[in-house]
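J.: Next up is a structure, given as structure tokens.
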Amino acid sequence: MTTTQKPLIGTYSPGSIHMVGNGFHVRNLFPSNHLGEHLSPFLLLDYAGPSTYGPSQEPRGVGEHPHRGFETVTICYQGRIAHRDSAGNSGVIGPGDVQWMTAGSGVVHEEMHEKEFAAAGGTLQMVQLWVNLPKAHKMTAPKYQDITKERIPVVEVGGARVRVIAGEFQGQRGPAETFSPLNVWDVQVPAGERLEFELPAGQNAGWVVLDGATSVNGSESVGDAQMAWLDPEGRSVQVQAEADTRAVFLSGQPLGDPVVSHGPFVMTSQAEIVQAIRDYQSGKMGHLS
């Protein structure tokens, strides 16, 4: 029985290019491309860098700010990033490492260039993804997963290399614990190679190229800081590399919940947003010491 290919919704370039704080030059792939429910359970993807920063005694980054109702996933490729939050978690990630923070009921955190990296200067390259939480888990307790590169399984298919951060690929499960069925893979495909796989029925999916060039299910070429987004219909995905390519592959079961967002808060109603703002302003989400 032949599995049908997932139809291509479209290919997209960054819808916004801007600075986050004073330490992250980002190209936003979504939500600036207005794909709406086709993105669920994903909310945002910023591709930071690669950008070179000179030496600085004052680390750059994003200072204290709140989140509620979703998770942030930070994948580091170059440089070092330090995190700390109001739940008492802290950590530093370098090339190949991942931070998976569940904001849940509310957390205040900061993300900065790590002190020694900032002092020496260098190139920073990372991806930050926001993953929505199902309505039933919006107010779950905050959680922090520090996923070092040694914990991430690698599957080699021909010349392609797939690091399974979350979900499953060819029987290998990623270490990230998730609240809904989804995949997050860090993928390298050499020029001329083809990568084919199948997904569970009904999943939204996206192929985000960091550098290189590929086609996806017969699409036009998808190059640096571009993405192809796929419909939940069908199950088969075929990637053909025209150049050595590094990409992030995302797929997930749509949540089907209302999405109401206001800056760092993502809930299911306006009333919940108002409550989130009040809770942050009254200190219920904590502060950094």
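Every chain in the structure tokens has a letter given in the order shown (A, B, ...), and although residue numbers restart at 1 in each chain, ligands are simply numbered from 1 in the order shown.
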List as a PyMOL selection string the protein and nucleic acid residues near region 143-159 of chain A, meaning an atom at most 7 Å away when only C-alpha atoms are counted, but skip any in the same chain fewer than 4 places from it.
T.: chain A and resi 89+96-103+163-165+172+174-175+189-190+193
J.: Please save all heavy atoms of the selected residues as a compact mmCIF listing (two decimals), in the first residue's frame.
T.:
```txt
# COMPACT_ATOMS: atom_id res chain seq x y z
N ASN A 89 15.64 27.36 38.59
CA ASN A 89 16.43 26.63 37.61
C ASN A 89 17.46 27.55 36.97
O ASN A 89 17.22 28.74 36.77
CB ASN A 89 15.53 26.06 36.52
CG ASN A 89 14.47 25.13 37.08
OD1 ASN A 89 14.79 24.13 37.70
ND2 ASN A 89 13.20 25.47 36.85
N GLY A 96 25.08 22.05 20.25
CA GLY A 96 24.47 20.72 20.30
C GLY A 96 23.50 20.52 21.45
O GLY A 96 22.75 19.55 21.46
N ASP A 97 23.51 21.43 22.43
CA ASP A 97 22.64 21.29 23.60
C ASP A 97 21.28 21.95 23.36
O ASP A 97 21.13 22.81 22.49
CB ASP A 97 23.28 21.93 24.83
CG ASP A 97 24.61 21.32 25.23
OD1 ASP A 97 24.84 20.13 24.91
OD2 ASP A 97 25.41 22.03 25.86
N VAL A 98 20.32 21.55 24.20
CA VAL A 98 18.94 22.05 24.10
C VAL A 98 18.41 22.37 25.49
O VAL A 98 18.65 21.62 26.44
CB VAL A 98 18.01 21.00 23.43
CG1 VAL A 98 16.56 21.48 23.40
CG2 VAL A 98 18.50 20.67 22.03
N GLN A 99 17.69 23.49 25.62
CA GLN A 99 16.93 23.81 26.83
C GLN A 99 15.45 23.73 26.50
O GLN A 99 15.00 24.30 25.50
CB GLN A 99 17.23 25.23 27.32
CG GLN A 99 18.60 25.40 27.94
CD GLN A 99 18.87 26.83 28.38
OE1 GLN A 99 19.74 27.06 29.19
NE2 GLN A 99 18.14 27.78 27.85
N TRP A 100 14.69 23.04 27.34
CA TRP A 100 13.25 22.90 27.14
C TRP A 100 12.57 23.38 28.42
O TRP A 100 12.60 22.71 29.43
CB TRP A 100 12.89 21.45 26.85
CG TRP A 100 11.54 21.23 26.25
CD1 TRP A 100 10.33 21.51 26.82
CD2 TRP A 100 11.25 20.69 24.96
NE1 TRP A 100 9.31 21.16 25.97
CE2 TRP A 100 9.85 20.66 24.81
CE3 TRP A 100 12.03 20.22 23.91
CZ2 TRP A 100 9.22 20.18 23.67
CZ3 TRP A 100 11.42 19.74 22.77
CH2 TRP A 100 10.02 19.72 22.65
N MET A 101 12.01 24.58 28.38
CA MET A 101 11.41 25.18 29.57
C MET A 101 9.90 25.20 29.45
O MET A 101 9.35 25.75 28.50
CB MET A 101 11.91 26.61 29.77
CG MET A 101 11.41 27.25 31.07
SD MET A 101 11.76 29.02 31.19
CE MET A 101 10.45 29.70 30.16
N THR A 102 9.23 24.59 30.42
CA THR A 102 7.77 24.63 30.51
C THR A 102 7.38 25.80 31.40
O THR A 102 7.59 25.76 32.62
CB THR A 102 7.22 23.31 31.09
OG1 THR A 102 7.69 22.21 30.31
CG2 THR A 102 5.70 23.32 31.12
N ALA A 103 6.81 26.86 30.79
CA ALA A 103 6.39 28.01 31.58
C ALA A 103 5.15 27.65 32.40
O ALA A 103 5.01 28.07 33.55
CB ALA A 103 6.10 29.20 30.68
N ARG A 163 19.20 14.02 14.57
CA ARG A 163 19.25 14.05 16.03
C ARG A 163 17.81 14.19 16.54
O ARG A 163 17.13 15.16 16.23
CB ARG A 163 20.10 15.23 16.54
CG ARG A 163 21.57 15.13 16.16
CD ARG A 163 22.43 16.03 17.06
NE ARG A 163 21.84 17.34 17.29
CZ ARG A 163 21.95 18.00 18.45
NH1 ARG A 163 22.59 17.48 19.47
NH2 ARG A 163 21.41 19.21 18.57
N VAL A 164 17.38 13.23 17.34
CA VAL A 164 15.99 13.18 17.78
C VAL A 164 15.89 13.87 19.15
O VAL A 164 16.19 13.28 20.19
CB VAL A 164 15.48 11.73 17.86
CG1 VAL A 164 13.98 11.71 18.15
CG2 VAL A 164 15.80 10.97 16.57
N ILE A 165 15.46 15.13 19.13
CA ILE A 165 15.32 15.90 20.37
C ILE A 165 14.03 15.53 21.08
O ILE A 165 14.00 15.31 22.30
CB ILE A 165 15.38 17.41 20.06
CG1 ILE A 165 16.75 17.77 19.47
CG2 ILE A 165 15.08 18.24 21.32
CD1 ILE A 165 16.80 19.17 18.85
N GLN A 172 14.02 5.39 17.48
CA GLN A 172 14.77 6.13 18.50
C GLN A 172 13.92 7.27 19.04
O GLN A 172 13.40 8.09 18.27
CB GLN A 172 16.06 6.70 17.90
CG GLN A 172 17.11 5.66 17.57
CD GLN A 172 17.74 5.06 18.82
OE1 GLN A 172 17.87 5.73 19.84
NE2 GLN A 172 18.10 3.80 18.74
N GLY A 174 13.43 10.70 21.40
CA GLY A 174 14.17 11.82 21.95
C GLY A 174 13.96 11.94 23.45
O GLY A 174 12.96 11.44 24.00
N PRO A 175 14.86 12.62 24.16
CA PRO A 175 14.78 12.72 25.60
C PRO A 175 13.76 13.73 26.12
O PRO A 175 13.40 13.68 27.30
CB PRO A 175 16.20 13.16 26.01
CG PRO A 175 16.71 13.89 24.80
CD PRO A 175 16.12 13.19 23.62
N VAL A 189 21.59 16.86 5.97
CA VAL A 189 21.46 16.06 4.75
C VAL A 189 22.51 16.55 3.75
O VAL A 189 22.47 17.70 3.32
CB VAL A 189 20.06 16.17 4.12
CG1 VAL A 189 19.91 15.16 2.99
CG2 VAL A 189 18.96 15.96 5.16
N PRO A 190 23.47 15.68 3.35
CA PRO A 190 24.48 16.11 2.38
C PRO A 190 23.89 16.33 0.98
O PRO A 190 22.84 15.77 0.64
CB PRO A 190 25.47 14.93 2.36
CG PRO A 190 25.17 14.12 3.57
CD PRO A 190 23.71 14.33 3.84
N GLU A 193 21.74 13.82 -1.44
CA GLU A 193 21.09 12.76 -0.67
C GLU A 193 19.59 13.02 -0.55
O GLU A 193 19.12 14.15 -0.62
CB GLU A 193 21.69 12.67 0.73
CG GLU A 193 23.11 12.15 0.78
CD GLU A 193 23.18 10.63 0.74
OE1 GLU A 193 22.14 9.98 0.95
OE2 GLU A 193 24.28 10.10 0.50
```
J.: Mind the document's chain letters and residue numbers, and return as a ChimeraX atom specification the residues of region 22-164 of chain A that DSSP labels helix (DSSP H, G or I).
T.: /A:36-39,115-120,135-137,149-151
J.: Residues at most 9 Å from Gly218 (chain A), counting only C-alpha atoms, excluding those fewer than 6 positions away in the same chain, as a list of chain:residue names?
T.: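 Result of the neighbour search: A:Leu8, A:Gln238, A:Val239, A:Gln240.
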J.: Determine the nearest neighbour of Arg194 (chain A) from the options A:Ala241, A:Ala228, A:Val108, A:Ala176, counting only C-alpha atoms.
T.: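 Closest candidate: A:Ala241.
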J.: For Trp185 (chain A), please output as a PyMOL selection string all residues within 9 Å (counting only C-alpha atoms; exclusion window: fewer than 2 positions along the same chain).
T.: chain A and resi 162-169+174+183+187+247-250
J.: Nearest to His65 (chain A) among A:Ala87, A:Ile81, A:Ala205, A:Val107, with distances taken over only C-alpha atoms: which residue is it?
T.: A:Val107
J.: Excluding same-chain residues fewer than 4 positions from Thr268 (chain A), what lies within 10 Å of it counting only C-alpha atoms, as a VMD selection string?
T.: chain A and resid 69 134 to 135 138 257 to 261 272 to 273
J.: Sort by chain and increasing residue number a table of all residues of region 85-145 of chain A within 8 Å of region 32-51 of chain A, each with its closest pair of atoms and their distance in Å to one decimal, counting only C-alpha atoms, and write it as a Markdown table.
T.:
```
| residue | atom | partner | partner_atom | distance |
| --- | --- | --- | --- | --- |
| A:Thr123 | CA | A:Ser51 | CA | 5.4 |
| A:Leu124 | CA | A:Ser51 | CA | 5.4 |
| A:Gln125 | CA | A:Pro50 | CA | 4.4 |
| A:Met126 | CA | A:Ala48 | CA | 5.2 |
| A:Val127 | CA | A:Tyr47 | CA | 4.7 |
| A:Gln128 | CA | A:Asp46 | CA | 5.3 |
| A:Leu129 | CA | A:Leu45 | CA | 4.5 |
| A:Trp130 | CA | A:Leu44 | CA | 5.0 |
| A:Val131 | CA | A:Phe42 | CA | 4.6 |
| A:Asn132 | CA | A:Pro41 | CA | 5.3 |
| A:Leu133 | CA | A:Pro41 | CA | 7.6 |
```
J.: For those residues, write N, CA and C atoms to a file as a PDB file, in the first residue's frame.
T.:
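Output saved as result.pdb:
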```pdb
ATOM      1  N   THR A 123      30.732  33.863  17.651  1.00  0.00           N
ATOM      2  CA  THR A 123      29.545  33.683  16.817  1.00  0.00           C
ATOM      3  C   THR A 123      28.457  32.955  17.605  1.00  0.00           C
ATOM      4  N   LEU A 124      27.251  33.512  17.532  1.00  0.00           N
ATOM      5  CA  LEU A 124      26.087  32.899  18.174  1.00  0.00           C
ATOM      6  C   LEU A 124      25.107  32.453  17.097  1.00  0.00           C
ATOM      7  N   GLN A 125      24.669  31.223  17.192  1.00  0.00           N
ATOM      8  CA  GLN A 125      23.662  30.671  16.272  1.00  0.00           C
ATOM      9  C   GLN A 125      22.750  29.760  17.079  1.00  0.00           C
ATOM     10  N   MET A 126      21.451  30.036  17.050  1.00  0.00           N
ATOM     11  CA  MET A 126      20.505  29.238  17.820  1.00  0.00           C
ATOM     12  C   MET A 126      19.122  29.346  17.204  1.00  0.00           C
ATOM     13  N   VAL A 127      18.267  28.431  17.600  1.00  0.00           N
ATOM     14  CA  VAL A 127      16.858  28.461  17.235  1.00  0.00           C
ATOM     15  C   VAL A 127      16.055  28.467  18.520  1.00  0.00           C
ATOM     16  N   GLN A 128      15.045  29.341  18.583  1.00  0.00           N
ATOM     17  CA  GLN A 128      14.093  29.248  19.686  1.00  0.00           C
ATOM     18  C   GLN A 128      12.706  28.978  19.127  1.00  0.00           C
ATOM     19  N   LEU A 129      12.101  27.947  19.691  1.00  0.00           N
ATOM     20  CA  LEU A 129      10.777  27.483  19.295  1.00  0.00           C
ATOM     21  C   LEU A 129       9.845  27.620  20.484  1.00  0.00           C
ATOM     22  N   TRP A 130       8.614  28.068  20.235  1.00  0.00           N
ATOM     23  CA  TRP A 130       7.577  28.063  21.270  1.00  0.00           C
ATOM     24  C   TRP A 130       6.580  26.963  20.937  1.00  0.00           C
ATOM     25  N   VAL A 131       6.299  26.119  21.930  1.00  0.00           N
ATOM     26  CA  VAL A 131       5.366  25.000  21.784  1.00  0.00           C
ATOM     27  C   VAL A 131       4.163  25.263  22.684  1.00  0.00           C
ATOM     28  N   ASN A 132       2.971  25.237  22.115  1.00  0.00           N
ATOM     29  CA  ASN A 132       1.776  25.498  22.902  1.00  0.00           C
ATOM     30  C   ASN A 132       1.478  24.326  23.836  1.00  0.00           C
ATOM     31  N   LEU A 133       0.886  24.635  24.981  1.00  0.00           N
ATOM     32  CA  LEU A 133       0.421  23.597  25.905  1.00  0.00           C
ATOM     33  C   LEU A 133      -1.070  23.355  25.682  1.00  0.00           C
TER      34      LEU A 133
END
```
J.: Quick one: everything within 7 Å of region 208-213 of chain A, counting only C-alpha atoms, minus sequence neighbours fewer than 3 positions away in the same chain. Send it as a PyMOL selection string.
T.: chain A and resi 221-228+241-249
J.: When you draw a straight line from CA of Gly283 (chain A) to CA of Gly21 (chain A), how long is it in Å?
T.: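 Rounded to one decimal, the two atoms are 22.2 Å apart.
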J.: Given only C-alpha atoms as the basis, pick out the residue of A:Gln5, A:Thr52, A:Gln78, A:Ser180 nearest to Val237 (chain A).
T.: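 Nearest to Val237 (chain A): A:Gln5.
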